[in-house]
file entry-v4.txt (compact mmCIF, C-alpha atoms)
# COMPACT_ATOMS: atom_id res chain seq x y z
CA MET A 1 -2.97 12.61 -10.81
CA LEU A 2 -1.37 10.89 -7.79
CA GLN A 3 -3.46 13.04 -5.47
CA GLN A 4 -6.64 11.87 -7.24
CA GLN A 5 -5.52 8.24 -6.95
CA VAL A 6 -4.97 8.71 -3.21
CA LEU A 7 -8.48 10.16 -2.82
CA GLU A 8 -9.99 7.27 -4.79
CA ARG A 9 -8.16 4.70 -2.65
CA LEU A 10 -9.22 6.47 0.55
CA ALA A 11 -12.84 6.48 -0.68
CA GLU A 12 -12.62 2.69 -1.21
CA ASP A 13 -11.11 2.26 2.26
CA LEU A 14 -13.88 4.39 3.75
CA LEU A 15 -16.59 2.25 2.14
CA GLN A 16 -14.98 -0.89 3.56
CA ALA A 17 -14.62 0.68 7.00
CA GLU A 18 -18.24 1.86 7.02
CA GLU A 19 -19.41 -1.63 6.01
CA ALA A 20 -17.31 -3.13 8.82
CA VAL A 21 -18.90 -0.66 11.28
CA ARG A 22 -22.40 -1.70 10.15
CA ALA A 23 -21.60 -5.42 10.38
CA ALA A 24 -20.02 -5.11 13.83
CA HIS A 25 -22.91 -2.93 15.07
CA GLU A 26 -25.47 -5.46 13.81
CA THR A 27 -23.57 -8.25 15.57
CA ALA A 28 -23.32 -6.23 18.78
CA THR A 29 -27.03 -5.42 18.86
CA HIS A 30 -28.49 -8.67 17.49
CA GLU A 31 -30.83 -10.29 20.01
CA GLU A 32 -29.05 -13.64 19.74
CA ASN A 33 -25.87 -12.00 21.06
CA ILE A 34 -27.35 -10.67 24.30
CA ALA A 35 -25.17 -11.97 27.11
CA GLU A 36 -26.70 -14.85 29.02
CA ASN A 37 -23.96 -14.90 31.66
CA LYS A 38 -20.76 -13.08 32.54
CA TYR A 39 -18.71 -15.31 30.24
CA ASP A 40 -20.83 -14.59 27.18
CA THR A 41 -18.92 -11.67 25.66
CA LEU A 42 -19.68 -11.88 21.93
CA GLY A 43 -21.93 -8.80 21.98
CA LEU A 44 -19.39 -6.84 24.03
CA GLU A 45 -16.53 -7.82 21.71
CA ALA A 46 -18.59 -6.79 18.66
CA ALA A 47 -19.32 -3.43 20.32
CA TYR A 48 -15.57 -2.86 20.86
CA LEU A 49 -14.95 -3.80 17.23
CA ALA A 50 -17.66 -1.42 16.04
CA THR A 51 -16.08 1.40 18.05
CA GLY A 52 -12.64 0.67 16.59
CA GLN A 53 -14.01 0.53 13.05
CA ALA A 54 -15.86 3.81 13.59
CA ARG A 55 -12.57 5.44 14.69
CA ARG A 56 -10.88 4.04 11.60
CA ALA A 57 -13.64 5.48 9.38
CA ASP A 58 -13.23 8.88 11.08
CA ALA A 59 -9.45 8.76 10.51
CA ILE A 60 -10.03 8.00 6.82
CA ARG A 61 -12.51 10.90 6.54
CA GLN A 62 -9.93 13.20 8.14
CA ALA A 63 -7.22 11.97 5.73
CA MET A 64 -9.57 12.59 2.80
CA ALA A 65 -10.18 16.14 3.99
CA HIS A 66 -6.43 16.77 4.21
CA TRP A 67 -5.88 15.39 0.70
CA ARG A 68 -8.76 17.47 -0.74
CA GLN A 69 -7.29 20.66 0.74
CA PHE A 70 -3.74 19.75 -0.28
CA ARG A 71 -2.29 22.01 -2.98
CA PRO A 72 1.25 20.86 -3.78
CA GLY A 73 3.51 23.45 -5.36
CA PRO A 74 6.27 22.87 -7.86
CA TYR A 75 9.63 21.65 -6.57
CA ASP A 76 11.86 24.52 -5.47
CA ALA A 77 15.50 23.47 -5.04
CA SER A 78 16.10 26.38 -2.64
CA LYS A 79 13.57 24.86 -0.20
CA GLY A 80 14.37 21.23 -0.91
CA ILE A 81 11.85 18.42 -0.67
CA GLN A 82 8.47 19.54 0.65
CA LEU A 83 4.98 18.03 0.77
CA GLY A 84 3.84 17.15 -2.74
CA ALA A 85 7.27 16.11 -3.98
CA LEU A 86 7.68 12.96 -6.03
CA VAL A 87 11.10 11.68 -4.98
CA CYS A 88 13.25 8.96 -6.49
CA LEU A 89 15.60 7.44 -3.91
CA VAL A 90 18.36 4.94 -4.59
CA ASP A 91 19.83 2.68 -1.92
CA SER A 92 23.36 1.24 -1.62
CA ASP A 93 22.33 -1.75 -3.79
CA ASP A 94 21.24 0.62 -6.61
CA ARG A 95 17.55 -0.17 -6.00
CA GLN A 96 15.36 2.79 -6.83
CA GLN A 97 12.03 3.65 -5.29
CA LEU A 98 9.54 6.41 -6.00
CA LEU A 99 7.98 8.15 -3.01
CA PHE A 100 5.18 10.71 -3.01
CA LEU A 101 5.32 12.87 0.10
CA GLY A 102 1.79 13.76 1.13
CA PRO A 103 -0.12 15.14 4.09
CA ASP A 104 -1.58 11.83 5.30
CA GLY A 105 -2.37 8.27 4.27
CA GLY A 106 0.97 6.49 4.18
CA SER A 107 1.45 2.82 3.39
CA MET A 108 -0.34 3.15 0.10
CA LYS A 109 1.16 2.05 -3.21
CA LEU A 110 -0.10 3.57 -6.43
CA GLY A 111 0.64 2.94 -10.08
CA SER A 112 2.24 5.71 -12.11
CA GLY A 113 2.80 4.39 -15.59
CA ALA A 114 4.84 1.20 -15.24
CA GLN A 115 6.21 2.18 -11.82
CA LEU A 116 4.85 1.81 -8.31
CA VAL A 117 4.80 4.90 -6.12
CA GLN A 118 4.81 4.62 -2.33
CA VAL A 119 2.77 7.37 -0.65
CA ILE A 120 4.24 8.45 2.67
CA SER A 121 3.52 11.32 5.01
CA SER A 122 5.94 13.77 6.53
CA GLU A 123 5.18 12.07 9.85
CA ALA A 124 6.81 8.81 8.69
CA PRO A 125 10.50 8.53 9.62
CA LEU A 126 11.61 8.48 5.97
CA GLY A 127 9.27 11.34 5.07
CA ARG A 128 10.61 13.43 7.95
CA ALA A 129 14.21 12.62 6.93
CA MET A 130 13.58 13.72 3.33
CA LEU A 131 12.15 17.15 4.17
CA GLY A 132 14.46 19.92 2.98
CA LYS A 133 16.82 17.56 1.12
CA CYS A 134 17.83 18.17 -2.51
CA GLU A 135 18.96 16.03 -5.42
CA GLY A 136 22.29 14.39 -4.56
CA ASP A 137 21.72 14.61 -0.79
CA GLU A 138 21.95 11.60 1.50
CA VAL A 139 18.91 10.52 3.52
CA SER A 140 19.28 8.07 6.38
CA ILE A 141 16.91 6.55 8.90
CA GLN A 142 17.37 4.15 11.78
CA VAL A 143 15.06 1.12 11.72
CA ALA A 144 15.57 -0.92 14.87
CA SER A 145 19.34 -1.55 14.91
CA ILE A 146 19.77 -1.07 11.16
CA ARG A 147 20.70 2.25 9.57
CA GLN A 148 19.27 2.64 6.08
CA GLN A 149 20.85 5.13 3.71
CA PHE A 150 19.57 6.50 0.44
CA GLU A 151 20.57 9.12 -2.07
CA VAL A 152 18.02 11.54 -3.51
CA LEU A 153 18.32 10.81 -7.24
CA ARG A 154 15.50 13.00 -8.60
CA VAL A 155 12.76 15.26 -7.29
CA HIS A 156 9.66 16.31 -9.24

call {"tool": "encode", "arguments": {"input": "entry-v4.txt", "output": "structure tokens"}}
result
Amino acid sequence: MLQQQVLERLAEDLLQAEEAVRAAHETATHEENIAENKYDTLGLEAAYLATGQARRADAIRQAMAHWRQFRPGPYDASKGIQLGALVCLVDSDDRQQLLFLGPDGGSMKLGSGAQLVQVISSEAPLGRAMLGKCEGDEVSIQVASIRQQFEVLRVH
């Protein structure tokens, strides 16, 4: 279910990125935006923007391919947390958070019942720190000069 939600969100992001590519390309190639002197850079800036948006669209397509091929297995305590795990962490202030460890597409929040689930990849510092951990284990990451510590409460 979470995997399907990720794919749906990525599809929405792809549509937006493709629309941004079209708009930037139209701006870059519109006859009114042809440079009249060396200081007239609107067309050039739009071309750079179109290139950046095209790269973003390609990255989203690649993430979608990874999520389509992704086949998470059931949690195995002997291996610890792996890709596909739904992990509940608790911090020192007893705040809980649900994290879904996936192949790509971090910084995405999804609804799962009444709770929000943060999707992170194993490339994210917290995702990397969770790999191989089990229920009851400590997970810590360094963010700038602050060390954040969590306990793995549950893994599904």

call {"tool": "atom_distance", "arguments": {"input": "entry-v4.txt", "atom1": "CA of Gln82 in chain A", "atom2": "CA of Val143 in chain A"}}
result
22.5 Å

call {"tool": "residues_around", "arguments": {"input": "entry-v4.txt", "residues": "range 95-109 of chain A", "least_positions_apart": "3", "cutoff": "10 Å", "atoms": "all atoms listed in the file", "output": "PDB file with C-alpha atoms, keeping the file's coordinate frame"}}
result
ATOM      1  CA  LEU A   2      -1.370  10.890  -7.790  1.00  0.00           C
ATOM      2  CA  GLN A   3      -3.460  13.040  -5.470  1.00  0.00           C
ATOM      3  CA  GLN A   5      -5.520   8.240  -6.950  1.00  0.00           C
ATOM      4  CA  VAL A   6      -4.970   8.710  -3.210  1.00  0.00           C
ATOM      5  CA  LEU A   7      -8.480  10.160  -2.820  1.00  0.00           C
ATOM      6  CA  ARG A   9      -8.160   4.700  -2.650  1.00  0.00           C
ATOM      7  CA  LEU A  10      -9.220   6.470   0.550  1.00  0.00           C
ATOM      8  CA  ALA A  59      -9.450   8.760  10.510  1.00  0.00           C
ATOM      9  CA  ILE A  60     -10.030   8.000   6.820  1.00  0.00           C
ATOM     10  CA  GLN A  62      -9.930  13.200   8.140  1.00  0.00           C
ATOM     11  CA  ALA A  63      -7.220  11.970   5.730  1.00  0.00           C
ATOM     12  CA  MET A  64      -9.570  12.590   2.800  1.00  0.00           C
ATOM     13  CA  ALA A  65     -10.180  16.140   3.990  1.00  0.00           C
ATOM     14  CA  HIS A  66      -6.430  16.770   4.210  1.00  0.00           C
ATOM     15  CA  TRP A  67      -5.880  15.390   0.700  1.00  0.00           C
ATOM     16  CA  GLN A  69      -7.290  20.660   0.740  1.00  0.00           C
ATOM     17  CA  PHE A  70      -3.740  19.750  -0.280  1.00  0.00           C
ATOM     18  CA  PRO A  72       1.250  20.860  -3.780  1.00  0.00           C
ATOM     19  CA  ILE A  81      11.850  18.420  -0.670  1.00  0.00           C
ATOM     20  CA  GLN A  82       8.470  19.540   0.650  1.00  0.00           C
ATOM     21  CA  LEU A  83       4.980  18.030   0.770  1.00  0.00           C
ATOM     22  CA  GLY A  84       3.840  17.150  -2.740  1.00  0.00           C
ATOM     23  CA  ALA A  85       7.270  16.110  -3.980  1.00  0.00           C
ATOM     24  CA  LEU A  86       7.680  12.960  -6.030  1.00  0.00           C
ATOM     25  CA  VAL A  87      11.100  11.680  -4.980  1.00  0.00           C
ATOM     26  CA  CYS A  88      13.250   8.960  -6.490  1.00  0.00           C
ATOM     27  CA  LEU A  89      15.600   7.440  -3.910  1.00  0.00           C
ATOM     28  CA  VAL A  90      18.360   4.940  -4.590  1.00  0.00           C
ATOM     29  CA  ASP A  91      19.830   2.680  -1.920  1.00  0.00           C
ATOM     30  CA  SER A  92      23.360   1.240  -1.620  1.00  0.00           C
ATOM     31  CA  SER A 112       2.240   5.710 -12.110  1.00  0.00           C
ATOM     32  CA  GLN A 115       6.210   2.180 -11.820  1.00  0.00           C
ATOM     33  CA  LEU A 116       4.850   1.810  -8.310  1.00  0.00           C
ATOM     34  CA  VAL A 117       4.800   4.900  -6.120  1.00  0.00           C
ATOM     35  CA  GLN A 118       4.810   4.620  -2.330  1.00  0.00           C
ATOM     36  CA  VAL A 119       2.770   7.370  -0.650  1.00  0.00           C
ATOM     37  CA  ILE A 120       4.240   8.450   2.670  1.00  0.00           C
ATOM     38  CA  SER A 121       3.520  11.320   5.010  1.00  0.00           C
ATOM     39  CA  SER A 122       5.940  13.770   6.530  1.00  0.00           C
ATOM     40  CA  GLU A 123       5.180  12.070   9.850  1.00  0.00           C
ATOM     41  CA  ALA A 124       6.810   8.810   8.690  1.00  0.00           C
ATOM     42  CA  LEU A 126      11.610   8.480   5.970  1.00  0.00           C
ATOM     43  CA  GLY A 127       9.270  11.340   5.070  1.00  0.00           C
ATOM     44  CA  ARG A 128      10.610  13.430   7.950  1.00  0.00           C
ATOM     45  CA  MET A 130      13.580  13.720   3.330  1.00  0.00           C
ATOM     46  CA  LEU A 131      12.150  17.150   4.170  1.00  0.00           C
ATOM     47  CA  PHE A 150      19.570   6.500   0.440  1.00  0.00           C
ATOM     48  CA  GLU A 151      20.570   9.120  -2.070  1.00  0.00           C
ATOM     49  CA  VAL A 152      18.020  11.540  -3.510  1.00  0.00           C
ATOM     50  CA  LEU A 153      18.320  10.810  -7.240  1.00  0.00           C
ATOM     51  CA  ARG A 154      15.500  13.000  -8.600  1.00  0.00           C
ATOM     52  CA  VAL A 155      12.760  15.260  -7.290  1.00  0.00           C
ATOM     53  CA  HIS A 156       9.660  16.310  -9.240  1.00  0.00           C
TER      54      HIS A 156
END

call {"tool": "atom_distance", "arguments": {"input": "entry-v4.txt", "atom1": "CA of Gln142 in chain A", "atom2": "CA of Asp93 in chain A"}}
result
17.4 Å

call {"tool": "atom_distance", "arguments": {"input": "entry-v4.txt", "atom1": "CA of Leu15 in chain A", "atom2": "CA of Gly52 in chain A"}}
result
15.1 Å

call {"tool": "axis_aligned_box", "arguments": {"input": "entry-v4.txt", "around": "range 45-63 of chain A", "padding_each_side": "6 Å", "output": "lines of an AutoDock Vina configuration file"}}
result
center_x = -13.3
center_y = 2.7
center_z = 13.7
size_x = 24.1
size_y = 33.0
size_z = 28.0
